[in-house]
2 protein chains.
Amino acid sequence: MSSAPDDVLHLLRQRGRSPDPAALEGLMRGVVAAPEGLAGPEWVELFDAQPDAELTRALTAWRAELAKADDGLHASPAPPSRLASLREELARCGLDGFVVPRADEHQGEYVPRRSQRLAWLTGFSGSAGLAIVLADKAAIFIDGRYTLAVRAQVDTEAFVPHQIPEDSPEAWIAANLPKGGKLGFDPWLQTIDGHERYARAAQRAGASFVAVEQNPIDAVWKDRPAPPLAPVLPHPVEFAGETSEQRRRRIADIVAAKGADVALLTAPDSIAWLLNVRGGDVPRTPFALGFALLHTDGHVDLYMDRRKVPARTVAWLGNAVTLAPPEELGAAIDTLGKVGKTVLVETATAPFWAATRLQAAGVAVVRDADPVALPKACKNAVELEGIRTAHRRDGAAVTRFLAWLGRESKNGKLREIEVSDRLQALRQETGKLRDLSFDTISGAGPNGAIVHYHATEATERTLEPGSLYLVDSGAQYRDGTTDITRTVGIGTATPEMRDRFTRVLKGHIALATARFPFGTTGSQLDALARTALWQVGLDYDHGTGHGVGAYLSVHEGPQRISKVANGVALQPGMIVSNEPGYYKTGAYGIRLENLLAVREAEIEGADRRYLEFETLTLAPLDLNCVDVGLLTDQEKAWLNAYHARVREVVAPQVDEATRAWLAEATRAI
Amino acid sequence: MSSAPDDVLHLLRQRGRSPDPAALEGLMRGVVAAPEGLAGPEWVELFDAQPDAELTRALTAWRAELAKADDGLHASPAPPSRLASLREELARCGLDGFVVPRADEHQGEYVPRRSQRLAWLTGFSGSAGLAIVLADKAAIFIDGRYTLAVRAQVDTEAFVPHQIPEDSPEAWIAANLPKGGKLGFDPWLQTIDGHERYARAAQRAGASFVAVEQNPIDAVWKDRPAPPLAPVLPHPVEFAGETSEQRRRRIADIVAAKGADVALLTAPDSIAWLLNVRGGDVPRTPFALGFALLHTDGHVDLYMDRRKVPARTVAWLGNAVTLAPPEELGAAIDTLGKVGKTVLVETATAPFWAATRLQAAGVAVVRDADPVALPKACKNAVELEGIRTAHRRDGAAVTRFLAWLGRESKNGKLREIEVSDRLQALRQETGKLRDLSFDTISGAGPNGAIVHYHATEATERTLEPGSLYLVDSGAQYRDGTTDITRTVGIGTATPEMRDRFTRVLKGHIALATARFPFGTTGSQLDALARTALWQVGLDYDHGTGHGVGAYLSVHEGPQRISKVANGVALQPGMIVSNEPGYYKTGAYGIRLENLLAVREAEIEGADRRYLEFETLTLAPLDLNCVDVGLLTDQEKAWLNAYHARVREVVAPQVDEATRAWLAEATRAI
């Protein structure tokens with residue numbers, strides 16, 4: 001069954017509607033292509049502005065039915081017929097090869113199911129990767145996080161794995177492309193900067209890098225899901241702290257100052273922030289896929305499927321936002337060319353398609369950062385207050401979880417998935433949970449050492465006495481996005497584990513207590529979180545801190561605390577994570593993560609303006625894993641003050657048993 | 001008197017020579033244009049390969065006589081007639097303006113007297129600056145170090161001062177150049193990168209940036225000094241640790257790997273390192289000005305005035321180095337074009353002249369870093385041993401100085417210049433001093449807060465009780481270059497001074513004891529030296545560490561420990577300074593500087609390869625300024641161990657009184 005069921009048609013007709021079964025089915029296919037989230041059936045509003053329980057029930061049943069259809073994304077490794085049919089299609093198109101990135105048109109961390117071409121073709125489900133298919137060979141490029149996963153999920157005879165950055169796709173292209181060959185790519189999936197690198201690599205091989213009109217995978221992927229249609233809903237000013245009009249004017253001024261008339265926005269979180277709306281087209285992230293043109297008068301042309309924008313949201317967007325179908329973006333660019341406009345584009349993320357179209361239209365281009373990125377990163381007072389509220393709520397849920405874990409783990413029988421399910425359930429009990437902010441990492445013992453571990457029935461382990469358990473999780477609430485990692489000793493930790501845990505904690509405290517002048521970047525602070533480990537010859541292979549959105553992406557830029565050079569200075573209102581770690585392969589993993597807000601420091605007699613961090617996350621750190629002898633007096637003072645604050649905020653929100661556990665867990669050392 | 005005196009002619013004729021008086025005079029004018037240094041009259045060898053005492057005396061008298069001539073560089077502010085005559089000359093050349101940088105053709109820190117056009121034109125003697133002269137106005141651009149100096153030295157009615165980076169020459173050009181105007185520049189003094197920026201600025205004003213054939217200042221500067229002619233002498237393998245042939249082959253391979261056939265070297269220290277020679281054309285830095293082309297077969301064409309290369313150095317250079325007059329570099333580039341060679345050029349430092357000539361000659365260009373810079377920065381085992389020896393020697397001289405200062409400063413009458421003279425005299429007593437490595441900074445009380453202070457009779461202060469005295473100095477020895485700063489309490493330091501001193505010391509120790517993985521840059525470590533100050537809202541406005549040459553420039557790249565992003569990873573054998581500081585304007589300055597060598601750390605159980613620092617500098621830090629209560633146990637342990645090492649190395653080298661003082665100065669705390 002796929003067409004609209006009779007009961008749905010009947011109920012809609014009862015409401016005086018004249019439903020078109022084909023249109024209804026198209027809409028439902030879009031709904032099914034979007035993730036379900038945890039916020040309840042808000043999507044029903046796309047069918048009727050004021051659905052009742054009966055209609056909701058009927059639609060929910062239909063959705064469940066349709067969701068059973070196989071979209072080809074469950075096979076791992078992928079059937080070899082897919083690669084064969086792609087090669088046939090390439091031959092038909094006169095191409096010698098094709099690049100299959102994991103990306104969609106928006107270069108986000110999550111992509112909708114219909115854009116999971118890499119997973120469909122290879123079976124690889126990681127969040128970053130790239131395949132290059134030639135007539136007689138194919139390669140898949142993944143980074144260090146996925147070295148093991150790629151071998152488990154992919155037929156590595158068909159797709160030879162290469163690890164980035166040691167091996168680069170560019171080097172492979174230069175070495176393997178036949179002279180005079182044509183390597184195809186989808187210009188919607190390749191960024192302008194990326195195109196430049198790959199085109200140069202193809203040139204080195206004496207070959208060419210050719211944009212295709214139609215992605216050949218789409219031609220051979222039967223049952224490819226529809227574009228997702230999750231409802232686009234207002235994000236009220238009580239959370240945003242600023243009207244969309246204010247935001248549009250503010251960013252328009254930035255665009256004008258850069259010498260452009262229009263900014264092309266291709267990042268869905270930039271658009272969500274600018275227009276004060278939220279959606280749900282991809283997992284764990286409340287934004288709606290689309291494109292936008294922001295004019296310097298503050299007007300926005302929003303290229304987004306109207307079916308996912310309910311009437312109340314159209315009203316919310318107001319007259320200064322014009323809604324248009326995504327297919328019309330090209331024609332709009334042509335018009336900008338005709339009237340001699342200059343367009344600002346971020347070449348690191350905008351699709352090569354845009355560069356081509358802008359050039360063909362004769363549009364002058366200013367290459368610059370997405371003008372929304374930095375203002376979005378600097379949260380206003382209302383957003384910060386919401387974020388604090390979200391963390392107080394989330395901290396109570398996590399504390400309840402940790403207390404439960406402390407009791408239940410004593411039997412030595414808990415398994416990774418039931419534990420993360422419990423954490424999710426406790427967050428749901430807050431009544432405010434919209435979604436997780438990412439898939440929970442729940443790693444017992446050696447699984448904790450896998451930085452981006454995802455527990456499955458096949459991989460999950462028991463939380464055994466004498467081991468460490470690492471849980472990295474987060475929540476999407478309307479008032480804020482959280483991200484917290486705790487590492488918990490199951491039974492008694494070994495002296496080595498306690499030494500490592502304490503060094504990670506020292507790094508965490510060094511960053512949490514840092515003060516630094518305006519103008520300082522995260523790259524400059526990164527070492528503070530590592531020195532205690534470096535002293536004994538240990539390190540961790542990930543960044544120390546990422547930006548976090550306000551009920552938006554759990555990972556956002558432009559700031560970052562990392563070894564990688566980053567020129568963006570930290571500024572008041574920015575949120576960053578503080579998550580040093582240590583991983584002993586095959587043994588255990590440690591990571592201690594709180595979110596921080598950057599704020600101005602009040603220092604008497606300071607020689608200039610300084611910044612410091614406010615710790616937002618509120619849940620106990622496992623004192624049983626701390627080697628107190630390694631801590632300085634100042635570090636102990638920080639830990640005691642932090643725990644006192646956790647106790648003060650969380651105790652009133654939790655049950656008696658949790659409160660008792662909390663008192664012990666936050667004891668002064 | 002300027003032509004060769006009779007006694008010189010007579011003595012040379014006695015040796016069977018037929019001296020040409022005009023040639024002799026030209027040579028002596030070049031000798032006079034070079035700084036004297038402290039190594040004795042080695043320059044006499046340029047007149048005769050084996051001079052005796054009598055000839056030396058006669059030549060020295062002649063030199064002294066010629067040196068009295070006024071080259072126009074003593075006037076400060078400069079007479080207004082100079083600006084007027086330049087403007088006349090510009091009008092004659094059809095130029096609307098002219099750029100006068102402080103730079104010479106090699107973009108080094110020191111420039112020869114004939115290249116001090118900025119000083120001649122304005123009176124400004126700072127080590128960085130730029131004037132732009134238009135028909136009706138003129139500006140001088142200096143950085144924060146010279147805010148006060150520019151007002152003291154320059155007629156600021158004629159040249160309006162602007163501070164970089166707040167004001168930029170580019171912005172001034174864009175705002176002030178007349179539409180259609182021609183702004184002239186000397187293509188030998190403008191780098192390729194700099195030209196790009198200025199040309200764009202002129203374009204913004206609707207004007208053009210025009211290279212001149214002849215610098216118009218040279219047309220109006222009567223008595224402009226000759227090009228300096230200091231003797232170029234062999235730098236033996238006992239110090240260099242590697243033959244020039246080995247070096248030339250090593251760098252030639254790097255050049256070839258970059259896809260070039262030839263490297264154009266314009267940095268004199270790169271040439272000195274590559275060819276194992278040393279010179280003395282500019283103050284405090286033992287290199288010879290010149291250019292070189294390094295071919296991938298290891299052959300070098302050296303463009304250098306032959307008069308400063310004695311016969312024994314020509315022999316030392318060998319057959320693989322061809323000496324040619326500097327004027328022939330252009331023709332050589334033309335030839336490279338004819339035979340289709342590709343040339344590597346560092347656009348950040350090479351003159352725009354080279355870019356023009358290479359392009360005109362049809363030479364393919366690879367833009368890359370000077371291929372010598374990184375290998376030169378990584379000292380080999382022999383160089384490191386020489387550098388250690390130099391520091392042991394220098395540490396003894398500095399310790400004798402500190403002991404003397406401790407005794408003599410009690411009378412409260414010492415003056416800055418006599419104190420630095422004393423330090424120089426003690427270094428000269430080592431019998432090995434070739435020169436200072438830079439002009440000593442000797443700052444008492446408030447003068448210590450001026451980061452690049454230079455004591456004059458007009459500015460010097462008395463070392464008063466209750467004040468701090470800062471002395472930053474260094475030496476050039478054949479086996480190594482030193483650079484050390486000590487801050488000494490005169491009488492009793494105030495609690496505030498001791499707090500600041502101790503925080504600077506904590507930063508110094510944090511860097512000295514850091515361990516970090518291979519791949520770490522100085523930018524990543526910089527914050528370690530600042531956090532103790534940042535915590536109380538204080539900072540210092542200079543880098544934490546610079547590279548140091550091996551009997552070469554006291555400031556060299558490419559590594560650097562600084563807030564400024566720098567992509568060069570620290571590597572074994574690199575030398576860096578460790579010099580955090582704190583400056584309270586109008587009150588006192590604190591800086592504690594040791595040189596460090598980067599070495600691999602041996603850490604049992606390390607998860608990868610790590611680096612650490614070896615402290616090279618050996619002289620006591622003033623314990624009377626330390627607030628011991630602010631130090632951690634680990635910091636105290638470092639300080640005690642450092643002082644124990646200083647005592648062990650220095651005590652055997654010094655007199656009884658110094659030894660007694662040293663025992664007390666290095667007591668355990």
# chains A, B, ... in the order shown; residues from 1 in each chain; ligands from 1
>>> closest_atom_pairs(of="chain B", to="chain A", cutoff="8 Å", atoms="only C-alpha atoms", output="JSON lines")
{"residue": "B:Ala514", "atom": "CA", "partner": "A:Gln535", "partner_atom": "CA", "distance": 7.0}
{"residue": "B:Arg515", "atom": "CA", "partner": "A:Gln535", "partner_atom": "CA", "distance": 5.5}
{"residue": "B:Phe516", "atom": "CA", "partner": "A:Trp534", "partner_atom": "CA", "distance": 5.6}
{"residue": "B:Pro517", "atom": "CA", "partner": "A:Trp534", "partner_atom": "CA", "distance": 7.3}
{"residue": "B:Thr520", "atom": "CA", "partner": "A:Lys563", "partner_atom": "CA", "distance": 7.9}
{"residue": "B:Ser523", "atom": "CA", "partner": "A:Gln524", "partner_atom": "CA", "distance": 6.5}
{"residue": "B:Gln524", "atom": "CA", "partner": "A:Gln524", "partner_atom": "CA", "distance": 5.3}
{"residue": "B:Leu525", "atom": "CA", "partner": "A:Ala527", "partner_atom": "CA", "distance": 6.4}
{"residue": "B:Asp526", "atom": "CA", "partner": "A:Gln524", "partner_atom": "CA", "distance": 7.1}
{"residue": "B:Ala527", "atom": "CA", "partner": "A:Gln524", "partner_atom": "CA", "distance": 6.1}
{"residue": "B:Leu528", "atom": "CA", "partner": "A:Leu528", "partner_atom": "CA", "distance": 6.9}
{"residue": "B:Thr531", "atom": "CA", "partner": "A:Ala514", "partner_atom": "CA", "distance": 7.2}
{"residue": "B:Trp534", "atom": "CA", "partner": "A:Phe516", "partner_atom": "CA", "distance": 5.6}
{"residue": "B:Gln535", "atom": "CA", "partner": "A:Arg515", "partner_atom": "CA", "distance": 5.5}
{"residue": "B:Val536", "atom": "CA", "partner": "A:Ile603", "partner_atom": "CA", "distance": 6.7}
{"residue": "B:Gly537", "atom": "CA", "partner": "A:Ala606", "partner_atom": "CA", "distance": 4.2}
{"residue": "B:Leu538", "atom": "CA", "partner": "A:Asp607", "partner_atom": "CA", "distance": 5.5}
{"residue": "B:Asp539", "atom": "CA", "partner": "A:Asp607", "partner_atom": "CA", "distance": 7.3}
{"residue": "B:Lys563", "atom": "CA", "partner": "A:Gln524", "partner_atom": "CA", "distance": 7.1}
{"residue": "B:Ala565", "atom": "CA", "partner": "A:Ala565", "partner_atom": "CA", "distance": 7.1}
{"residue": "B:Gly567", "atom": "CA", "partner": "A:Ala565", "partner_atom": "CA", "distance": 7.8}
{"residue": "B:Ile603", "atom": "CA", "partner": "A:Gly537", "partner_atom": "CA", "distance": 6.0}
{"residue": "B:Glu604", "atom": "CA", "partner": "A:Gly537", "partner_atom": "CA", "distance": 7.7}
{"residue": "B:Gly605", "atom": "CA", "partner": "A:Gly537", "partner_atom": "CA", "distance": 7.1}
{"residue": "B:Ala606", "atom": "CA", "partner": "A:Gly537", "partner_atom": "CA", "distance": 4.2}
{"residue": "B:Asp607", "atom": "CA", "partner": "A:Leu538", "partner_atom": "CA", "distance": 5.5}
{"residue": "B:Arg608", "atom": "CA", "partner": "A:Gly537", "partner_atom": "CA", "distance": 7.2}
{"residue": "B:Arg609", "atom": "CA", "partner": "A:Gly537", "partner_atom": "CA", "distance": 7.9}
{"residue": "B:Tyr610", "atom": "CA", "partner": "A:Gly537", "partner_atom": "CA", "distance": 6.6}
>>> select_by_dssp(residues="segment 480-557 of chain A", states="helix (DSSP H, G or I)", output="number ranges by chain")
A: 495-512, 522-529, 531-534
>>> closest_residue(among="A:Ala171, A:Ile509, A:Ala64, A:Ile217", to="Ala529 of chain A", atoms="only C-alpha atoms")
A:Ile509
>>> atom_distance(atom1="atom CA of Ser127 of chain B", atom2="atom CA of Tyr110 of chain B")
7.1 Å
